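Asker: Below are the structure tokens for one structure; questions will follow.
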Amino acid sequence: MQLFIGGAYAGKRDVVRQRFEAPHWHSAHAGGRLEAWRSLAETRCLVLEGWERWIGERLAAEPDDDRLRQAMARELDALWGWEAERGGEAVLILLEMGRGIVPLGLDNRRLRDLNGWLAQDAAARCERVWYVWNGLVKELSR
Amino acid sequence: MIAFISGGARSGKSTHAEALVRRWQAERGGARYYLATASGGDGEWQARIGRHRQARGEGWITLEEPVDLIAALERVEPGSTLLLDCLTLWASQLLYSSEHASELDEAQGIAMIERLLAEARRRNVALVIVSNDVNEGMPPENAEVWRYLAFLQRVHRLVAQEADEVIQVMAGLPQVWKRRGEERS
């Protein structure tokens, strides 16, 4: 599993396209639900993007941050299990959104917190973590 | 020679950029130019401009040009070193300035940057471009702010791609992403 993280319009998609051959793109922006990646299990390389949207969709139904964080982490574990079982590769694209002012609205504060925790939980499970900045990419060391 | 230097607010971008300009000027000879994209403004802006000018010290030829970077470049002697500070302000003035008869659009802005980079190389002007990273906080909720962010990031990616040296400054420390053709990773 690999993680690509960077700010809005940092060039994350282009960087991923250059590095992986013909991946299947599973995107929240195209309306895909997170769990639906399981129906793509025959794919060898699976790119998942729009995690901030997948978090946003769950905020109302799960008011407890810890439980929501754990639910997201379970999806990461399931992806990890899929990789091990099927020999595929999961590529996660995450939006960096934690470097601005604390948002006024509760939902935005929760979204920002959960997105940051997700990035930590994803990085802990990924073999390689990449930071995308202004179209350039650099591997983050542990 | 082209360098792109970016980072957060008050991260030390300008200080590092000025040091790089001095180094390049020492190697190349020629004059040292400072192209300020800020002009006029209220008391706070004047104070900011004054603070930067004082920090730079003497020996700079200052040009002020809010939008037309090509016109400014044409005033720079070949063989000189030019510091452009900064792209965030230029981008907002290009898209929203009321001083111009008609605002320019994104495509015209990208074309202007492409031409600036090509002309600087052709005229043997070493160019150090400073900007500010504003895309790593919460995504904006306003559509115009999205438009500005998308445009600024297009400009950043283009300049970072074309530059010989790309530096991200954090807490005053320059992190090298790229130096003279030796791209990392």
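For the structure tokens, the naming scheme is as follows: chains receive sequential letters (A, B, ...) according to their order of presentation, residues are indexed from 1 within each chain, and ligands are indexed from 1 in presentation order.
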Output the contact residues of chain B with respect to chain A at a cut-off of 10 Å, based on only C-alpha atoms, as a ChimeraX atom specification.
Answerer: /B:6,8,133-140,146,149-161,166,168,177-178,183-185
Asker: List the neighbours of stretch 21-29 of chain B out to 8 Å using only C-alpha atoms; skip same-chain residues closer than 4 positions along the sequence, and give me the result as a VMD selection string.
Answerer: chain B and resid 17 79 to 83 126 128
Asker: Taking the DSSP assignment computed from this structure's backbone, write out as number ranges by chain all residues of stretch 45-89 of chain B that belong to strand (DSSP E or B).
Answerer: B: 61-64, 81-85
Asker: Generate a file of the selected residues that holds C-alpha atoms, formatted as a PDB file, in the first residue's frame.
Answerer:
```pdb
ATOM      1  CA  ILE B  61      17.127  48.461  -8.138  1.00  0.00           C
ATOM      2  CA  THR B  62      13.429  48.312  -7.268  1.00  0.00           C
ATOM      3  CA  LEU B  63      10.733  47.918  -9.902  1.00  0.00           C
ATOM      4  CA  GLU B  64       7.023  47.981  -9.091  1.00  0.00           C
ATOM      5  CA  THR B  81      19.644  38.881 -11.392  1.00  0.00           C
ATOM      6  CA  LEU B  82      15.968  39.555 -10.689  1.00  0.00           C
ATOM      7  CA  LEU B  83      13.922  38.751  -7.594  1.00  0.00           C
ATOM      8  CA  LEU B  84      10.153  38.497  -8.174  1.00  0.00           C
ATOM      9  CA  ASP B  85       8.214  38.720  -4.889  1.00  0.00           C
TER      10      ASP B  85
END
```
Asker: Got a sec to tell me which of stretch 21-177 of chain B DSSP assigns to helix (DSSP H, G or I), as JSON, numbers by chain?
Answerer: {"B": [21, 22, 23, 24, 25, 26, 27, 28, 43, 44, 45, 46, 47, 48, 49, 50, 51, 52, 53, 54, 55, 56, 69, 70, 71, 72, 73, 74, 87, 88, 89, 90, 91, 92, 93, 94, 95, 96, 106, 107, 108, 109, 110, 111, 112, 113, 114, 115, 116, 117, 118, 119, 120, 121, 122, 143, 144, 145, 146, 147, 148, 149, 150, 151, 152, 153, 154, 155, 156, 157, 158, 159, 160, 161, 162]}
Asker: What lies within 12 Å of B:Arg115 using only C-alpha atoms, ignoring chain neighbours under 3 positions off, as a PDB file with N, CA and C atoms, in the first residue's frame?
Answerer:
```pdb
ATOM      1  N   ASP B  68       1.863  43.249 -15.158  1.00  0.00           N
ATOM      2  CA  ASP B  68       2.570  42.982 -16.412  1.00  0.00           C
ATOM      3  C   ASP B  68       4.050  42.651 -16.174  1.00  0.00           C
ATOM      4  N   LEU B  69       4.312  41.377 -15.938  1.00  0.00           N
ATOM      5  CA  LEU B  69       5.667  40.932 -15.598  1.00  0.00           C
ATOM      6  C   LEU B  69       6.621  41.079 -16.784  1.00  0.00           C
ATOM      7  N   ILE B  70       6.091  40.986 -18.005  1.00  0.00           N
ATOM      8  CA  ILE B  70       6.940  41.082 -19.204  1.00  0.00           C
ATOM      9  C   ILE B  70       7.461  42.514 -19.341  1.00  0.00           C
ATOM     10  N   ALA B  71       6.581  43.484 -19.110  1.00  0.00           N
ATOM     11  CA  ALA B  71       7.010  44.888 -19.174  1.00  0.00           C
ATOM     12  C   ALA B  71       8.110  45.143 -18.153  1.00  0.00           C
ATOM     13  N   LEU B  73      10.222  42.890 -16.911  1.00  0.00           N
ATOM     14  CA  LEU B  73      11.436  42.168 -17.327  1.00  0.00           C
ATOM     15  C   LEU B  73      12.191  42.951 -18.397  1.00  0.00           C
ATOM     16  N   GLU B  74      11.440  43.615 -19.260  1.00  0.00           N
ATOM     17  CA  GLU B  74      12.081  44.374 -20.334  1.00  0.00           C
ATOM     18  C   GLU B  74      12.898  45.554 -19.811  1.00  0.00           C
ATOM     19  N   GLN B 108      -4.449  33.594 -19.973  1.00  0.00           N
ATOM     20  CA  GLN B 108      -3.532  34.717 -20.225  1.00  0.00           C
ATOM     21  C   GLN B 108      -2.458  34.789 -19.146  1.00  0.00           C
ATOM     22  N   GLY B 109      -2.847  34.472 -17.927  1.00  0.00           N
ATOM     23  CA  GLY B 109      -1.878  34.465 -16.825  1.00  0.00           C
ATOM     24  C   GLY B 109      -0.822  33.386 -17.018  1.00  0.00           C
ATOM     25  N   ILE B 110      -1.259  32.184 -17.402  1.00  0.00           N
ATOM     26  CA  ILE B 110      -0.315  31.075 -17.647  1.00  0.00           C
ATOM     27  C   ILE B 110       0.611  31.454 -18.802  1.00  0.00           C
ATOM     28  N   ALA B 111       0.044  32.053 -19.857  1.00  0.00           N
ATOM     29  CA  ALA B 111       0.858  32.446 -21.009  1.00  0.00           C
ATOM     30  C   ALA B 111       1.901  33.488 -20.594  1.00  0.00           C
ATOM     31  N   MET B 112       1.506  34.388 -19.700  1.00  0.00           N
ATOM     32  CA  MET B 112       2.445  35.418 -19.249  1.00  0.00           C
ATOM     33  C   MET B 112       3.612  34.782 -18.483  1.00  0.00           C
ATOM     34  N   ALA B 118      10.647  32.014 -20.386  1.00  0.00           N
ATOM     35  CA  ALA B 118      11.393  31.888 -21.646  1.00  0.00           C
ATOM     36  C   ALA B 118      12.215  33.144 -21.921  1.00  0.00           C
ATOM     37  N   GLU B 119      11.613  34.314 -21.692  1.00  0.00           N
ATOM     38  CA  GLU B 119      12.306  35.580 -21.956  1.00  0.00           C
ATOM     39  C   GLU B 119      13.469  35.789 -20.990  1.00  0.00           C
ATOM     40  N   ALA B 120      13.288  35.391 -19.730  1.00  0.00           N
ATOM     41  CA  ALA B 120      14.373  35.538 -18.758  1.00  0.00           C
ATOM     42  C   ALA B 120      15.577  34.715 -19.216  1.00  0.00           C
ATOM     43  N   ARG B 121      15.323  33.491 -19.677  1.00  0.00           N
ATOM     44  CA  ARG B 121      16.435  32.653 -20.163  1.00  0.00           C
ATOM     45  C   ARG B 121      17.062  33.273 -21.410  1.00  0.00           C
ATOM     46  N   ARG B 122      16.209  33.737 -22.332  1.00  0.00           N
ATOM     47  CA  ARG B 122      16.713  34.290 -23.584  1.00  0.00           C
ATOM     48  C   ARG B 122      17.545  35.549 -23.344  1.00  0.00           C
ATOM     49  N   ARG B 123      17.117  36.355 -22.379  1.00  0.00           N
ATOM     50  CA  ARG B 123      17.805  37.623 -22.104  1.00  0.00           C
ATOM     51  C   ARG B 123      18.931  37.462 -21.076  1.00  0.00           C
ATOM     52  N   LEU B 158       3.727  24.929 -12.834  1.00  0.00           N
ATOM     53  CA  LEU B 158       4.467  25.302 -14.043  1.00  0.00           C
ATOM     54  C   LEU B 158       5.855  25.828 -13.690  1.00  0.00           C
ATOM     55  N   VAL B 159       5.920  26.744 -12.739  1.00  0.00           N
ATOM     56  CA  VAL B 159       7.207  27.350 -12.380  1.00  0.00           C
ATOM     57  C   VAL B 159       8.127  26.287 -11.747  1.00  0.00           C
ATOM     58  N   GLU B 162       9.587  24.125 -14.472  1.00  0.00           N
ATOM     59  CA  GLU B 162      10.560  24.783 -15.343  1.00  0.00           C
ATOM     60  C   GLU B 162      11.822  25.221 -14.610  1.00  0.00           C
TER      61      GLU B 162
END
```
Asker: Taking 3 positions as the minimum chain separation for residues in the same chain, which residues sit within 10 Å of stretch 14-16 of chain A when counting only C-alpha atoms? Answer as a VMD selection string.
Answerer: chain A and resid 3 to 4 10 to 11 19 to 21 23 47 91 to 93 130 132 135 to 137
Asker: Selection from above, N, CA and C atoms, as a CSV table (one decimal), in the first residue's frame, can you write it?
Answerer:
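Written out: again27.csv:
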```csv
chain,number,residue,atom,x,y,z
A,3,LEU,N,0.9,5.7,0.0
A,3,LEU,CA,0.1,6.9,0.3
A,3,LEU,C,0.7,8.1,-0.4
A,4,PHE,N,-0.1,8.9,-1.1
A,4,PHE,CA,0.3,10.2,-1.7
A,4,PHE,C,-0.5,11.2,-1.0
A,10,ALA,N,-2.2,20.2,-5.8
A,10,ALA,CA,-0.7,20.0,-5.7
A,10,ALA,C,-0.2,19.2,-6.8
A,11,GLY,N,-1.1,18.5,-7.6
A,11,GLY,CA,-0.6,17.6,-8.7
A,11,GLY,C,-0.6,16.2,-8.3
A,19,ARG,N,3.2,7.1,-12.1
A,19,ARG,CA,3.9,6.0,-11.4
A,19,ARG,C,3.3,4.6,-11.5
A,20,PHE,N,2.0,4.6,-11.8
A,20,PHE,CA,1.3,3.3,-11.8
A,20,PHE,C,0.6,3.1,-13.2
A,21,GLU,N,0.8,1.9,-13.7
A,21,GLU,CA,0.2,1.6,-15.0
A,21,GLU,C,-1.2,1.2,-14.9
A,23,PRO,N,-4.1,2.0,-13.5
A,23,PRO,CA,-4.8,1.6,-12.3
A,23,PRO,C,-6.3,1.8,-12.4
A,47,VAL,N,-6.6,2.7,-7.2
A,47,VAL,CA,-6.3,4.0,-6.6
A,47,VAL,C,-7.6,4.5,-5.9
A,91,VAL,N,-3.4,2.2,-3.8
A,91,VAL,CA,-2.7,3.5,-3.8
A,91,VAL,C,-3.7,4.5,-3.2
A,92,LEU,N,-3.4,5.1,-2.1
A,92,LEU,CA,-4.3,6.1,-1.4
A,92,LEU,C,-3.9,7.5,-1.7
A,93,ILE,N,-4.8,8.4,-2.2
A,93,ILE,CA,-4.5,9.8,-2.4
A,93,ILE,C,-5.3,10.6,-1.3
A,130,TRP,N,4.4,9.4,0.2
A,130,TRP,CA,4.9,10.4,-0.6
A,130,TRP,C,4.2,11.7,-0.4
A,132,VAL,N,3.3,15.3,-2.0
A,132,VAL,CA,3.3,16.0,-3.3
A,132,VAL,C,3.1,17.5,-3.1
A,135,GLY,N,3.5,20.0,-7.8
A,135,GLY,CA,3.8,19.1,-8.9
A,135,GLY,C,5.0,18.2,-8.7
A,136,LEU,N,5.8,18.4,-7.6
A,136,LEU,CA,6.9,17.6,-7.4
A,136,LEU,C,6.6,16.6,-6.3
A,137,VAL,N,7.4,15.6,-6.2
A,137,VAL,CA,7.0,14.5,-5.2
A,137,VAL,C,8.3,14.1,-4.5
```
Asker: Do a neighbour search on A:Arg110 at 9 Å with only C-alpha atoms, toss out local chain neighbours closer than 4 positions, and write the hits as JSON, numbers by chain.
Answerer: {"A": [56, 59, 65, 105, 106, 114, 115]}
Asker: So the first atom is atom CA of A:Lys12 and the second is atom CA of B:Asp164; what is the distance between them in Å, to one decimal place?
Answerer: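 Answer for the atom CA of A:Lys12 to atom CA of B:Asp164 separation: 21.3 Å.
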Asker: Which residues, written as an MDAnalysis selection string, have at least one atom at most 12 Å from A:Leu40, with only C-alpha atoms counted and residues fewer than 6 positions away on the same chain left out?
Answerer: chainID A and resid 23:26 32 34 46:48 79 82 86 88 90
Asker: From the list B:Arg56, B:Gln93, B:Ala36, B:Ala171, which residue is nearest B:Thr15 when using only C-alpha atoms?
Answerer: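 Comparing B:Arg56, B:Gln93, B:Ala36, B:Ala171 against B:Thr15, the winner is B:Arg56.
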